[in-house]
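Reading through the structure tokens given below for one structure.
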Amino acid sequence: MTDSPGPAVPSSSLPRGLIVLLSVAAAVVTVAGLKAFSSILGPVFLALMLTVAVHPLMGRLRGRGVPVWLATLLTLLATFAVVIALAAALALSVARLATLLPSYQDRFAALLGDVDALLASLGVGHEQVRAALSQIDLGTIAGLVGDVLVGLTGAFSDLVFILALLLFMGIDAARFGRGVRSLTGERPGIVTALETFARGTRSYLVVTTVFGLIVAVADTIAVWALGIPLPLLWGLLAFITNYIPNIGFIIGLAPPAILGLLEGGPKLMVIVIVVYCVINFVIQSVIQPKYVGDAVDLSLTLTFLSLVFWGWVVGPLGALLAIPLTLLTKALLVDIDPGTRWVSRLLTSSAVADVPPRDGRAEAEPGEPADGPSDVEPLTERPGDG
């Protein structure tokens, strides 16, 4: 007599296709929620990134023996000073631009007349040219330029809210750091993910800020030497748009190129474009990507898609914070779980060396130590460390 097979035990796991479908549906709902609250999330993300960026200053002050309350106060005052100064400079510059553009109305009309004559000499119908040029108005162009500038700095319109967020986040930063360190033994994956995000964000902000200052100074000197009005504004715009990957240079170039056209005609506009391209290509396209790649290690495709995605979800501020927000998302969804860390290899810009492992295994299993030194600094010193 043979034993009859027992009843089949139903699998407790869902089909992989259903899991993927549920994950996509959850992602759509989450993105819709983020977009619905973008006016609040934008300043929150900005305050979070600023808090992460200046947190090492608090640690250095405490390392010099400064009391916690005084270190927190000095860090907050330094952050407040930078934010308020940047907001004031932008507001003053945009106001000056709004009063300057109407003075070019006659020059703009003359340029339209030259275009009309040129097209007519090429055989284009006069009535069609008139109808097309009548749609172009300096006031419309001025409005578009103003919308771009205001949109890029829209977060500063609610300055009180941002300063309040910085105050509360700055006070909580020290306690949060101690709380994260206390999880080293229980949840090392969470600690590693958060440390990697904070370190990558600080490195990116430092590198981008340094190169942004270099580009701003070079562009300011260039437009001043060419006689373009408001050179400080265009330098400030070049500094801000340096945080926008891939297309920030184009946004920073458009306004001074238009003013060059109104100030000195097509020749001056071409000179402005050429000078901007030379300066920004050498700095932003040749030198800066090397350091930014070392700081964040994200592929070029992911960088561009993050710009499009966060700009659509959060608005213009999302474009400015696209890289830090992508690092935060990667830390929370990929790096935090050992079972999904393999996805990082598909998202990074550096190639993984094809070196055969010493023990014949393709890679370490989750929970097992990987071969070679870890690239994440420990939170706490091990016994015997100096």
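Residue numbering restarts at 1 in every chain; chains get A, B, ... in the order shown in the structure tokens, and ligands count up from 1 in that same order.
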
Considering only C-alpha atoms, return as a PyMOL selection string whatever protein or nucleic-acid residues lie within 12 Å of Leu73 of chain A, sequence-local ones (same chain, fewer than 4 positions apart) excluded.
chain A and resi 55+57-58+61-62+66-69+77-80+166-168+170-171

Writer output for current selection, C-alpha atoms, as a compact mmCIF listing (two decimals), in the first residue's frame:
# COMPACT_ATOMS: atom_id res chain seq x y z
CA HIS A 55 24.36 69.65 10.13
CA LEU A 57 28.67 72.64 11.17
CA MET A 58 26.79 71.87 14.36
CA LEU A 61 31.02 73.49 16.90
CA ARG A 62 30.18 70.85 19.50
CA VAL A 66 30.45 74.79 22.23
CA PRO A 67 27.25 73.94 24.18
CA VAL A 68 24.52 72.17 22.24
CA TRP A 69 22.06 75.06 22.44
CA LEU A 77 21.51 81.88 12.27
CA ALA A 78 24.02 81.08 9.53
CA THR A 79 21.37 79.21 7.53
CA PHE A 80 18.81 82.00 8.04
CA LEU A 166 14.49 75.24 9.43
CA LEU A 167 14.11 76.20 13.09
CA PHE A 168 12.24 73.05 14.05
CA GLY A 170 17.57 72.28 13.22
CA ILE A 171 16.49 71.74 16.82

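Atom pair atom CA of Val313 of chain A / atom CA of Val31 of chain A: separated by 7.2 Å.
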
Give me the residues within 8 Å of segment 209-213 of chain A as a list in words, counting only C-alpha atoms and dropping any in the same chain fewer than 3 places off.
Leu205, Val206, Ala216, Val217, Ala238, Phe239, Ile240, Asn242, Tyr243, Ile283, Gln284 and Gln288 of chain A

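When only C-alpha atoms are used to compute distances to Val314 of chain A, the closest of the residues A:Ala53, A:Ala225, A:Leu34, A:Val28 turns out to be A:Leu34.
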
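Going from atom CA of Ile273 of chain A over to atom CA of Ser93 of chain A, you cover 21.5 Å.
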
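Distance-wise, atom CA of Thr51 of chain A and atom CA of Ala198 of chain A end up 10.1 Å apart.
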